[in-house]
Amino acid sequence: MSLLSTPTGRPERVFSLLALVRAMDGRISSADAKEWLAPDYRSAAIPTPTKDGDRVSEVFRVARDLNLLAADKRDWVATCDLPTTLRSFASHVHAHLCGLPPEDPDAVLLRAYGWCVAYCEANGVAGLAGLTASALTLEIAAGLGRSAEGEDEKSFNTTKFSAWKDWMGFLGLGWLDLPGAGGFLLDPARRLEEELLTLLPAQGRLEASTFLALMAQQLPYLDGGTSFEAACATGLQHPPTGRLSRILSQALRVLNDRGQVCLEMDGDAKKGISLFPDALSNFNTFSHIGVTHV
């Protein structure tokens, strides 16, 4: 089952189930989980049946597909040390999605994001935000070679778009509840900030080219990554050699302005990596990057 095929299995609901299982020492019966998370309402001492129990089962299946829970007869059991915070849960989901093979149904989440990053190169963030949810869904589906109709795992329709943007927002890849593009604004700065803990040394700095090579492996939907390159191969505009995409440039500038990274230029500017031009920024080229605070 794909994360996008389970509208009820949104991030906060999955985390609630994980928190419950963790509180029960890693094992809980499915019946008890449903009673905790979707209790029947009673009127005149007569239980009122609801479909919420089925929704809890859907949430479990999402947690199972994320390799966090498994079924053991009538119990749901933890398969690893469960995340204790929403932040650590988001990092687990991100690492899981990045490690999926292209043919896995859930690989479409980051492939779709990579397509959006590439789309913005020629059309700008405003061009993406100016699309309606249905128009953006059609564009993504076409770019990924998916159907925008139907409910099978290989389709990418408006229902799945709604789930997709919720997961992307949760992973720190954009902002929700904004005008245009179905209320989603592309911005990977928060996720990049999280990944800096492993991308950059605690002290010192990396050459820009080394950093970008590591980043392409860890965030495959950004410059040089497999999902980004696959999207550009469909005919979308690729950044010129030696220059970063609009989206990555924006994210690095945000982190630099916040003091969370330090973009530096040593020596001849021709040897540096260029950011997408921004007349209002003091940083348009860098040769090294270091972490200052995460």
# chains A, B, ... in the order shown; residues from 1 in each chain; ligands from 1
>>> residues_around(residues="Cys120 (chain A)", least_positions_apart="4", cutoff="9 Å", atoms="only C-alpha atoms", output="PDB file with C-alpha atoms, in the first residue's frame")
ATOM      1  CA  TRP A 115      10.013  17.187 -10.801  1.00  0.00           C
ATOM      2  CA  CYS A 116       8.735  20.324  -9.036  1.00  0.00           C
ATOM      3  CA  GLY A 124      10.146  30.058 -11.109  1.00  0.00           C
ATOM      4  CA  VAL A 125       8.519  29.367  -7.763  1.00  0.00           C
ATOM      5  CA  ALA A 126       5.770  31.798  -8.759  1.00  0.00           C
ATOM      6  CA  GLY A 127       5.071  29.719 -11.865  1.00  0.00           C
ATOM      7  CA  LEU A 128       4.557  26.620  -9.741  1.00  0.00           C
ATOM      8  CA  GLN A 237      15.363  22.938 -17.963  1.00  0.00           C
ATOM      9  CA  SER A 245      19.042  25.499  -9.270  1.00  0.00           C
ATOM     10  CA  ARG A 246      16.693  28.229  -8.105  1.00  0.00           C
ATOM     11  CA  ILE A 247      15.324  26.079  -5.288  1.00  0.00           C
TER      12      ILE A 247
END
>>> residues_around(residues="region 79-87 of chain A", least_positions_apart="3", cutoff="12 Å", atoms="only C-alpha atoms", output="ChimeraX atom specification")
/A:11-27,63-72,76,90-94,170-172,190-191,193-195
>>> select_by_dssp(residues="region 95-224 of chain A", states="strand (DSSP E or B)", output="list in words")
Ser147, Ser155, Gly174, Trp175, Leu185, Leu186, Arg205, Leu206 and Glu207 of chain A
>>> write_last_selection(atoms="N, CA and C atoms", output="CSV table (one decimal), in the first residue's frame")
chain,number,residue,atom,x,y,z
A,147,SER,N,-0.7,8.1,-14.6
A,147,SER,CA,-2.1,8.4,-14.9
A,147,SER,C,-2.6,9.4,-13.8
A,155,SER,N,-1.1,5.6,-10.2
A,155,SER,CA,-1.7,6.8,-10.6
A,155,SER,C,-1.2,8.0,-9.6
A,174,GLY,N,8.6,22.1,2.3
A,174,GLY,CA,7.8,23.2,1.8
A,174,GLY,C,6.8,23.6,2.9
A,175,TRP,N,6.0,24.5,2.5
A,175,TRP,CA,5.0,25.1,3.5
A,175,TRP,C,3.6,24.9,3.0
A,185,LEU,N,4.0,25.5,-1.0
A,185,LEU,CA,5.1,26.3,-1.5
A,185,LEU,C,6.4,25.5,-1.3
A,186,LEU,N,7.1,25.3,-2.4
A,186,LEU,CA,8.3,24.5,-2.4
A,186,LEU,C,9.4,25.3,-1.6
A,205,ARG,N,35.1,22.8,7.3
A,205,ARG,CA,34.2,23.1,6.1
A,205,ARG,C,34.6,22.1,5.0
A,206,LEU,N,33.7,22.1,4.0
A,206,LEU,CA,33.9,21.3,2.8
A,206,LEU,C,34.0,22.2,1.6
A,207,GLU,N,34.7,21.7,0.6
A,207,GLU,CA,34.7,22.3,-0.7
A,207,GLU,C,33.2,22.2,-1.3
>>> atom_distance(atom1="CA of Ile140 (chain A)", atom2="CA of Ser227 (chain A)")
12.8 Å
>>> closest_residue(among="A:Ala112, A:Lys73, A:Phe161, A:Val261", to="Ala135 (chain A)", atoms="only C-alpha atoms")
A:Phe161
>>> atom_distance(atom1="CA of Lys160 (chain A)", atom2="CA of Leu4 (chain A)")
5.0 Å
>>> atom_distance(atom1="CA of Pro39 (chain A)", atom2="CA of Arg10 (chain A)")
19.1 Å
